[in-house]
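Below is upload_14.cif, holding mmCIF, C-alpha atoms and all ligand atoms.
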```cif
data_my_file
#
loop_
_atom_site.group_PDB
_atom_site.id
_atom_site.type_symbol
_atom_site.label_atom_id
_atom_site.label_comp_id
_atom_site.auth_asym_id
_atom_site.auth_seq_id
_atom_site.Cartn_x
_atom_site.Cartn_y
_atom_site.Cartn_z
ATOM 1 C CA MET A 20 -6.166 23.376 -90.663
ATOM 2 C CA SER A 21 -6.276 20.535 -88.151
ATOM 3 C CA ALA A 22 -9.695 19.153 -87.194
ATOM 4 C CA ILE A 23 -8.497 18.173 -83.718
ATOM 5 C CA THR A 24 -9.761 20.634 -81.114
ATOM 6 C CA LEU A 25 -8.091 21.773 -77.913
ATOM 7 C CA GLU A 26 -11.163 20.436 -76.111
ATOM 8 C CA ALA A 27 -10.444 16.926 -77.422
ATOM 9 C CA CYS A 28 -6.902 17.128 -76.037
ATOM 10 C CA ILE A 29 -7.608 18.469 -72.550
ATOM 11 C CA THR A 30 -10.955 17.023 -71.440
ATOM 12 C CA PRO A 31 -9.897 14.792 -68.536
ATOM 13 C CA SER A 32 -10.431 11.083 -69.155
ATOM 14 C CA ARG A 33 -9.005 7.863 -67.784
ATOM 15 C CA SER A 34 -10.268 5.688 -70.636
ATOM 16 C CA ALA A 35 -6.790 5.150 -72.158
ATOM 17 C CA VAL A 36 -5.297 3.875 -68.880
ATOM 18 C CA LYS A 37 -4.451 0.169 -68.676
ATOM 19 C CA PRO A 38 -4.630 -1.625 -65.331
ATOM 20 C CA LEU A 39 -1.254 -2.233 -63.721
ATOM 21 C CA ALA A 40 -2.091 -5.935 -63.422
ATOM 22 C CA ALA A 41 -2.303 -6.182 -67.218
ATOM 23 C CA THR A 42 0.928 -4.283 -67.851
ATOM 24 C CA LYS A 43 2.964 -6.087 -65.184
ATOM 25 C CA GLY A 44 1.308 -9.481 -65.339
ATOM 26 C CA SER A 45 0.537 -9.502 -61.626
ATOM 27 C CA LYS A 46 -2.279 -8.324 -59.410
ATOM 28 C CA PRO A 47 -1.860 -5.128 -57.367
ATOM 29 C CA LYS A 48 -1.014 -6.097 -53.813
ATOM 30 C CA ARG A 49 -3.603 -3.861 -52.176
ATOM 31 C CA GLN A 50 -7.308 -3.494 -52.689
ATOM 32 C CA LEU A 51 -8.471 -0.010 -53.656
ATOM 33 C CA LYS A 52 -11.462 0.095 -51.354
ATOM 34 C CA GLY A 53 -12.054 -1.372 -47.935
ATOM 35 C CA ASP A 54 -8.421 -2.379 -47.582
ATOM 36 C CA PRO A 55 -8.171 -4.304 -44.291
ATOM 37 C CA ASP A 56 -4.521 -3.224 -43.976
ATOM 38 C CA LEU A 57 -5.438 0.442 -43.680
ATOM 39 C CA PRO A 58 -5.454 1.894 -40.181
ATOM 40 C CA ASP A 59 -8.927 2.850 -39.002
ATOM 41 C CA TYR A 60 -7.797 6.390 -38.370
ATOM 42 C CA VAL A 61 -8.602 9.990 -39.269
ATOM 43 C CA ALA A 62 -6.259 12.695 -37.995
ATOM 44 C CA PRO A 63 -7.965 15.536 -36.128
ATOM 45 C CA GLU A 64 -8.951 18.678 -38.043
ATOM 46 C CA PRO A 65 -6.193 21.310 -38.069
ATOM 47 C CA LYS A 66 -6.648 23.846 -35.265
ATOM 48 C CA THR A 67 -4.192 26.585 -36.233
ATOM 49 C CA ASN A 68 -3.306 28.285 -39.508
ATOM 50 C CA MET A 69 0.164 26.819 -39.246
ATOM 51 C CA ASP A 70 -1.272 23.290 -39.041
ATOM 52 C CA ARG A 71 -3.616 24.051 -41.914
ATOM 53 C CA ARG A 72 -0.679 25.207 -44.071
ATOM 54 C CA GLU A 73 1.179 22.015 -43.211
ATOM 55 C CA TRP A 74 -1.751 19.850 -44.315
ATOM 56 C CA ASP A 75 -2.127 21.973 -47.488
ATOM 57 C CA ARG A 76 1.554 21.884 -48.418
ATOM 58 C CA MET A 77 1.534 18.682 -50.495
ATOM 59 C CA SER A 78 -1.501 19.541 -52.641
ATOM 60 C CA SER A 79 -0.650 23.210 -53.121
ATOM 61 C CA ARG A 80 2.946 22.538 -54.185
ATOM 62 C CA MET A 81 1.796 19.812 -56.533
ATOM 63 C CA GLU A 82 -0.851 22.120 -57.989
ATOM 64 C CA GLY A 83 1.869 24.721 -58.630
ATOM 65 C CA PHE A 84 3.770 22.278 -60.837
ATOM 66 C CA HIS A 85 0.627 20.994 -62.482
ATOM 67 C CA SER A 86 -0.767 24.401 -63.431
ATOM 68 C CA TYR A 87 2.486 25.020 -65.317
ATOM 69 C CA PHE A 88 2.090 21.712 -67.203
ATOM 70 C CA ARG A 89 -1.518 22.540 -68.133
ATOM 71 C CA LEU A 90 -0.434 25.897 -69.523
ATOM 72 C CA ALA A 91 2.570 24.485 -71.386
ATOM 73 C CA PHE A 92 0.481 21.713 -72.947
ATOM 74 C CA LYS A 93 -2.155 24.205 -74.141
ATOM 75 C CA GLN A 94 0.532 26.461 -75.573
ATOM 76 C CA LEU A 95 2.022 23.524 -77.451
ATOM 77 C CA PHE A 96 -1.399 22.694 -78.897
ATOM 78 C CA GLU A 97 -2.060 26.285 -79.937
ATOM 79 C CA LEU A 98 1.275 26.723 -81.698
ATOM 80 C CA SER A 99 1.140 23.321 -83.380
ATOM 81 C CA ASP A 100 -1.193 24.355 -86.235
ATOM 82 C CA GLY A 101 1.817 26.088 -87.756
ATOM 83 C CA SER A 102 1.274 29.423 -86.023
ATOM 84 C CA PHE A 103 4.723 29.022 -84.456
ATOM 85 C CA GLU A 104 5.959 30.437 -87.765
ATOM 86 C CA LYS A 105 4.082 33.675 -87.134
ATOM 87 C CA ARG A 106 6.018 33.907 -83.872
ATOM 88 C CA GLY A 107 9.257 33.655 -85.816
ATOM 89 C CA LEU A 108 9.910 30.012 -84.917
ATOM 90 C CA SER A 109 11.074 27.392 -87.389
ATOM 91 C CA VAL A 110 9.918 23.762 -87.169
ATOM 92 C CA ARG A 111 13.181 22.943 -85.400
ATOM 93 C CA ASP A 112 12.645 25.824 -82.934
ATOM 94 C CA PHE A 113 9.129 24.577 -82.229
ATOM 95 C CA MET A 114 10.523 21.094 -81.648
ATOM 96 C CA GLY A 115 12.756 22.722 -79.031
ATOM 97 C CA VAL A 116 9.627 24.036 -77.274
ATOM 98 C CA ALA A 117 8.056 20.554 -77.443
ATOM 99 C CA GLU A 118 11.259 18.963 -76.166
ATOM 100 C CA ASP A 119 11.389 21.351 -73.174
ATOM 101 C CA PHE A 120 7.842 20.424 -72.220
ATOM 102 C CA HIS A 121 8.603 16.726 -72.647
ATOM 103 C CA GLU A 122 11.729 17.028 -70.525
ATOM 104 C CA HIS A 123 10.092 18.976 -67.672
ATOM 105 C CA LEU A 124 7.145 16.593 -67.462
ATOM 106 C CA GLY A 125 9.427 13.544 -67.619
ATOM 107 C CA PHE A 126 11.604 15.027 -64.868
ATOM 108 C CA HIS A 127 8.567 15.732 -62.663
ATOM 109 C CA HIS A 128 7.277 12.172 -63.070
ATOM 110 C CA GLY A 129 10.767 10.766 -62.471
ATOM 111 C CA ILE A 130 11.057 12.591 -59.137
ATOM 112 C CA GLU A 131 7.579 11.447 -58.137
ATOM 113 C CA GLU A 132 8.258 7.823 -59.011
ATOM 114 C CA ARG A 133 11.651 7.736 -57.291
ATOM 115 C CA HIS A 134 11.088 9.867 -54.206
ATOM 116 C CA ILE A 135 7.394 10.573 -53.590
ATOM 117 C CA PHE A 136 5.238 7.655 -54.769
ATOM 118 C CA PRO A 137 7.211 4.970 -52.861
ATOM 119 C CA VAL A 138 6.745 6.830 -49.563
ATOM 120 C CA LEU A 139 3.053 7.655 -50.120
ATOM 121 C CA ALA A 140 2.296 4.183 -51.503
ATOM 122 C CA LYS A 141 3.198 2.580 -48.178
ATOM 123 C CA ARG A 142 -0.235 3.665 -46.958
ATOM 124 C CA MET A 143 -2.055 5.168 -49.923
ATOM 125 C CA PRO A 144 -3.002 2.540 -52.536
ATOM 126 C CA GLN A 145 -3.831 5.247 -55.102
ATOM 127 C CA PHE A 146 -0.080 5.978 -55.333
ATOM 128 C CA ALA A 147 0.801 2.285 -55.686
ATOM 129 C CA VAL A 148 -1.769 1.621 -58.377
ATOM 130 C CA GLU A 149 -3.953 4.301 -59.975
ATOM 131 C CA HIS A 150 -1.508 7.190 -60.273
ATOM 132 C CA GLN A 151 1.249 4.836 -61.424
ATOM 133 C CA GLU A 152 -1.069 3.437 -64.109
ATOM 134 C CA GLU A 153 -1.785 6.999 -65.246
ATOM 135 C CA HIS A 154 1.945 7.778 -65.420
ATOM 136 C CA ASN A 155 2.492 4.654 -67.528
ATOM 137 C CA ALA A 156 -0.219 5.687 -70.006
ATOM 138 C CA ILE A 157 1.153 9.240 -70.167
ATOM 139 C CA HIS A 158 4.673 7.902 -70.798
ATOM 140 C CA GLU A 159 3.454 5.885 -73.778
ATOM 141 C CA GLY A 160 2.149 9.093 -75.347
ATOM 142 C CA MET A 161 5.312 10.980 -74.399
ATOM 143 C CA ASP A 162 7.496 8.324 -76.048
ATOM 144 C CA LYS A 163 5.530 8.765 -79.273
ATOM 145 C CA LEU A 164 5.873 12.539 -78.970
ATOM 146 C CA GLN A 165 9.627 12.088 -78.609
ATOM 147 C CA ALA A 166 9.683 10.019 -81.797
ATOM 148 C CA LEU A 167 7.750 12.729 -83.663
ATOM 149 C CA ILE A 168 10.122 15.412 -82.394
ATOM 150 C CA ALA A 169 13.086 13.411 -83.727
ATOM 151 C CA LYS A 170 11.376 12.861 -87.078
ATOM 152 C CA TYR A 171 10.475 16.542 -87.623
ATOM 153 C CA ARG A 172 13.923 17.632 -86.511
ATOM 154 C CA ALA A 173 15.559 15.343 -89.056
ATOM 155 C CA ASP A 174 13.190 16.459 -91.813
ATOM 156 C CA PRO A 175 11.317 19.708 -91.009
ATOM 157 C CA SER A 176 9.324 19.399 -94.259
ATOM 158 C CA SER A 177 7.637 16.296 -92.799
ATOM 159 C CA TYR A 178 6.008 18.397 -90.053
ATOM 160 C CA SER A 179 2.272 17.731 -89.917
ATOM 161 C CA PRO A 180 -0.054 19.678 -87.597
ATOM 162 C CA ASP A 181 -2.591 16.840 -87.817
ATOM 163 C CA GLU A 182 -0.089 14.186 -86.829
ATOM 164 C CA PHE A 183 1.308 16.321 -84.007
ATOM 165 C CA ARG A 184 -2.147 17.129 -82.650
ATOM 166 C CA ALA A 185 -3.250 13.499 -82.953
ATOM 167 C CA ASN A 186 -0.394 12.670 -80.598
ATOM 168 C CA LEU A 187 -1.494 15.356 -78.115
ATOM 169 C CA ALA A 188 -5.085 14.075 -78.335
ATOM 170 C CA SER A 189 -3.943 10.501 -77.636
ATOM 171 C CA TRP A 190 -2.558 11.244 -74.177
ATOM 172 C CA GLY A 191 -3.659 14.780 -73.243
ATOM 173 C CA PRO A 192 -6.962 13.643 -71.660
ATOM 174 C CA THR A 193 -5.048 11.163 -69.457
ATOM 175 C CA LEU A 194 -2.545 13.868 -68.537
ATOM 176 C CA PHE A 195 -5.276 16.347 -67.597
ATOM 177 C CA TYR A 196 -7.103 13.656 -65.624
ATOM 178 C CA HIS A 197 -3.909 12.797 -63.769
ATOM 179 C CA LEU A 198 -2.957 16.417 -63.065
ATOM 180 C CA ASN A 199 -6.322 16.886 -61.326
ATOM 181 C CA GLU A 200 -6.520 13.564 -59.523
ATOM 182 C CA GLU A 201 -2.993 13.512 -58.145
ATOM 183 C CA VAL A 202 -3.652 16.866 -56.480
ATOM 184 C CA GLU A 203 -7.015 15.594 -55.165
ATOM 185 C CA SER A 204 -5.225 12.620 -53.566
ATOM 186 C CA LEU A 205 -2.985 15.048 -51.677
ATOM 187 C CA LYS A 206 -5.759 17.267 -50.309
ATOM 188 C CA PRO A 207 -5.840 17.530 -46.487
ATOM 189 C CA ASP A 208 -9.069 15.537 -46.080
ATOM 190 C CA VAL A 209 -7.534 12.600 -47.940
ATOM 191 C CA LEU A 210 -4.119 12.805 -46.225
ATOM 192 C CA ARG A 211 -5.799 12.884 -42.808
ATOM 193 C CA ARG A 212 -7.101 9.362 -43.415
ATOM 194 C CA TYR A 213 -3.584 7.981 -43.788
ATOM 195 C CA TRP A 214 -1.125 10.184 -41.890
ATOM 196 C CA THR A 215 -0.709 12.171 -38.695
ATOM 197 C CA LEU A 216 0.284 15.836 -38.794
ATOM 198 C CA ASP A 217 3.813 14.939 -37.654
ATOM 199 C CA GLU A 218 4.130 12.419 -40.462
ATOM 200 C CA VAL A 219 2.804 14.890 -43.044
ATOM 201 C CA ARG A 220 5.516 17.353 -42.001
ATOM 202 C CA LYS A 221 8.117 14.766 -43.027
ATOM 203 C CA LEU A 222 6.558 13.714 -46.336
ATOM 204 C CA PRO A 223 8.838 14.596 -49.266
ATOM 205 C CA MET A 224 7.683 17.438 -51.536
HETATM 206 FE FE FE B 1 2.628 15.603 -60.128
HETATM 207 FE FE FE B 2 2.224 12.510 -61.407
#
```
Could you write out this structure as structure tokens?
Ligand SMILES: [Fe+2]
Ligand SMILES: [Fe+2]
Amino acid sequence: MSAITLEACITPSRSAVKPLAATKGSKPKRQLKGDPDLPDYVAPEPKTNMDRREWDRMSSRMEGFHSYFRLAFKQLFELSDGSFEKRGLSVRDFMGVAEDFHEHLGFHHGIEERHIFPVLAKRMPQFAVEHQEEHNAIHEGMDKLQALIAKYRADPSSYSPDEFRANLASWGPTLFYHLNEEVESLKPDVLRRYWTLDEVRKLPM
């Protein structure tokens, strides 16, 4: 029985995240707080339900994706003690479940980094720096998960619940932190400090 608890894997924490400056060898271009480049602007409060829905669109769509990832991660943890066998899954089948999760999360981050972050980062430093740093830390953990999946596929008898859960515990807290904070950064009250309603309508999501 593994000693690693679900709690240890999903309690949000940013402590494993390395600053972008350290990973890229250069300083982030924008300050996080009191950035003189930011327009001194707050868009007016939405007046109609239609406007409100428009302002809510980014955070509520993102939350839809993220609630799936939270569930899938927890399911992976729960099955990983070997109880996948009780569900009729072999080690290789379970690696298929892990691979699906890995692929969906990687795809989601890929879309964000190619199509969403670059647009938002023009005005929102949290998408140029903090959320990118979180992605980088999550990807390190995902790369190690991928290596474990390959190892257990090649030799199912090497499957170790402890080793698998240690991997989840190494990046799960960062993932859960990021899944919350990215949505927070897209909430209407935050967006209103950077964009007009017309601009928000055109933001990709
Ligand atoms: Fe996301
Ligand atoms: Fe993300």
Let me see if you get this right: every residue at most 7 Å from ligand FE 1 (chain B), counting all atoms listed in the file, written as an MDAnalysis selection string.
chainID A and resid 81 84:85 127:128 131 198 201
Show me which residues line ligand FE 2 (chain B), defined as having an atom within 10 Å of a ligand atom where all atoms listed in the file count, and present them as a PyMOL selection string.
chain A and resi 81+84-85+124-125+127-132+135-136+146+150-151+153-155+157+194+197-202
Write a file of the selected residues as a tab-separated table (two decimals), in the frame of the given file, keeping C-alpha atoms.
```
chain	number	residue	atom	x	y	z
A	81	MET	CA	1.80	19.81	-56.53
A	84	PHE	CA	3.77	22.28	-60.84
A	85	HIS	CA	0.63	20.99	-62.48
A	124	LEU	CA	7.14	16.59	-67.46
A	125	GLY	CA	9.43	13.54	-67.62
A	127	HIS	CA	8.57	15.73	-62.66
A	128	HIS	CA	7.28	12.17	-63.07
A	129	GLY	CA	10.77	10.77	-62.47
A	130	ILE	CA	11.06	12.59	-59.14
A	131	GLU	CA	7.58	11.45	-58.14
A	132	GLU	CA	8.26	7.82	-59.01
A	135	ILE	CA	7.39	10.57	-53.59
A	136	PHE	CA	5.24	7.66	-54.77
A	146	PHE	CA	-0.08	5.98	-55.33
A	150	HIS	CA	-1.51	7.19	-60.27
A	151	GLN	CA	1.25	4.84	-61.42
A	153	GLU	CA	-1.78	7.00	-65.25
A	154	HIS	CA	1.94	7.78	-65.42
A	155	ASN	CA	2.49	4.65	-67.53
A	157	ILE	CA	1.15	9.24	-70.17
A	194	LEU	CA	-2.54	13.87	-68.54
A	197	HIS	CA	-3.91	12.80	-63.77
A	198	LEU	CA	-2.96	16.42	-63.06
A	199	ASN	CA	-6.32	16.89	-61.33
A	200	GLU	CA	-6.52	13.56	-59.52
A	201	GLU	CA	-2.99	13.51	-58.14
A	202	VAL	CA	-3.65	16.87	-56.48
```
Pairwise distance, atom CA of Thr215 of chain A with atom CA of Ala62 of chain A, equals 5.6 Å
Figure out the distance between atom CA of Asp75 of chain A and atom CA of Asp208 of chain A, please, to one decimal in Å.
9.6 Å
Which residue gives the smallest distance to Met143 of chain A among A:Pro31, A:Val209, A:Met77, A:Pro63, with all atoms listed in the file counted?
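For Met143 of chain A, the nearest of the candidates is A:Val209.
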Output the residue selection produced by the PyMOL selection byres (((chain A and resi 118) around 12) and not hetatm) on the file above, formatted as JSON, numbers by chain.
{"A": [91, 92, 95, 111, 112, 113, 114, 115, 116, 117, 119, 120, 121, 122, 123, 124, 125, 126, 161, 162, 164, 165, 166, 167, 168, 169, 171, 172]}
Best match for closeness to Lys93 of chain A among A:Val110, A:Val148, A:Leu205, A:Ala27, counting only C-alpha atoms
A:Ala27
Picked residues, the PyMOL selection byres (((chain A and resi 140) around 12) and not hetatm), expected as a PyMOL selection string:
chain A and resi 47-49+51+57+131-139+141-151+204+210+213-214+222
Have a look at atom CA of Met224 of chain A and atom CA of Lys206 of chain A and let me know their distance in Å, one decimal.
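Going from atom CA of Met224 of chain A over to atom CA of Lys206 of chain A covers 13.5 Å.
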Any idea what's packed within 12 Å of Thr67 of chain A, counting only C-alpha atoms, ignoring anything in its chain fewer than 6 positions away? Could you give it as a ChimeraX atom specification?
/A:73-74,216
Assuming 4 Å of padding per side, give the centre and edge lengths of the axis-aligned box around every listed atom of segment 154-160 of chain A, in Å to one decimal and as AutoDock Vina command-line options.
```
--center_x 2.2 --center_y 6.9 --center_z -70.4 --size_x 12.9 --size_y 12.6 --size_z 17.9
```
Picked residues, the PyMOL selection byres (((chain A and resi 177-192) around 6) and not hetatm), expected as an MDAnalysis selection string:
chainID A and resid 21 28:32 99:100 157 160 171 174:176 193:195
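The shortest atom-to-atom distance to Ile23 of chain A, with all atoms listed in the file taken into account, belongs to A:Glu97 out of A:Asp70, A:Glu64, A:Glu97, A:Glu203.
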Just add N, CA and C atoms to segment 99-117 of chain A and send it as a short mmCIF file (atom, residue, chain, number, x, y, z; two decimals), in the frame of the given file.
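Result file is part-v2.cif:
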```
data_model
loop_
_atom_site.label_atom_id
_atom_site.label_comp_id
_atom_site.auth_asym_id
_atom_site.auth_seq_id
_atom_site.Cartn_x
_atom_site.Cartn_y
_atom_site.Cartn_z
N SER A 99 0.85 24.46 -82.50
CA SER A 99 1.14 23.32 -83.38
C SER A 99 0.44 23.37 -84.73
N ASP A 100 -0.54 24.26 -84.92
CA ASP A 100 -1.19 24.36 -86.24
C ASP A 100 -0.30 25.04 -87.26
N GLY A 101 0.89 25.41 -86.85
CA GLY A 101 1.82 26.09 -87.76
C GLY A 101 1.98 27.55 -87.37
N SER A 102 1.19 28.01 -86.40
CA SER A 102 1.27 29.42 -86.02
C SER A 102 2.59 29.76 -85.31
N PHE A 103 3.38 28.73 -84.99
CA PHE A 103 4.72 29.02 -84.46
C PHE A 103 5.53 29.85 -85.45
N GLU A 104 5.22 29.67 -86.75
CA GLU A 104 5.96 30.44 -87.76
C GLU A 104 5.68 31.93 -87.66
N LYS A 105 4.43 32.26 -87.31
CA LYS A 105 4.08 33.67 -87.13
C LYS A 105 4.83 34.28 -85.95
N ARG A 106 5.24 33.42 -85.03
CA ARG A 106 6.02 33.91 -83.87
C ARG A 106 7.52 33.90 -84.18
N GLY A 107 7.86 33.64 -85.43
CA GLY A 107 9.26 33.66 -85.82
C GLY A 107 9.99 32.37 -85.50
N LEU A 108 9.25 31.28 -85.22
CA LEU A 108 9.91 30.01 -84.92
C LEU A 108 9.91 29.10 -86.14
N SER A 109 11.01 28.41 -86.34
CA SER A 109 11.07 27.39 -87.39
C SER A 109 10.51 26.09 -86.80
N VAL A 110 10.35 25.08 -87.66
CA VAL A 110 9.92 23.76 -87.17
C VAL A 110 10.89 23.27 -86.10
N ARG A 111 12.18 23.43 -86.38
CA ARG A 111 13.18 22.94 -85.40
C ARG A 111 13.09 23.72 -84.09
N ASP A 112 12.83 25.04 -84.17
CA ASP A 112 12.64 25.82 -82.93
C ASP A 112 11.44 25.30 -82.16
N PHE A 113 10.35 25.06 -82.89
CA PHE A 113 9.13 24.58 -82.23
C PHE A 113 9.37 23.21 -81.59
N MET A 114 10.18 22.39 -82.24
CA MET A 114 10.52 21.09 -81.65
C MET A 114 11.31 21.29 -80.35
N GLY A 115 12.05 22.40 -80.27
CA GLY A 115 12.76 22.72 -79.03
C GLY A 115 11.76 23.01 -77.91
N VAL A 116 10.67 23.73 -78.25
CA VAL A 116 9.63 24.04 -77.27
C VAL A 116 8.98 22.72 -76.80
N ALA A 117 8.68 21.84 -77.77
CA ALA A 117 8.06 20.55 -77.44
C ALA A 117 8.99 19.71 -76.57
#
```
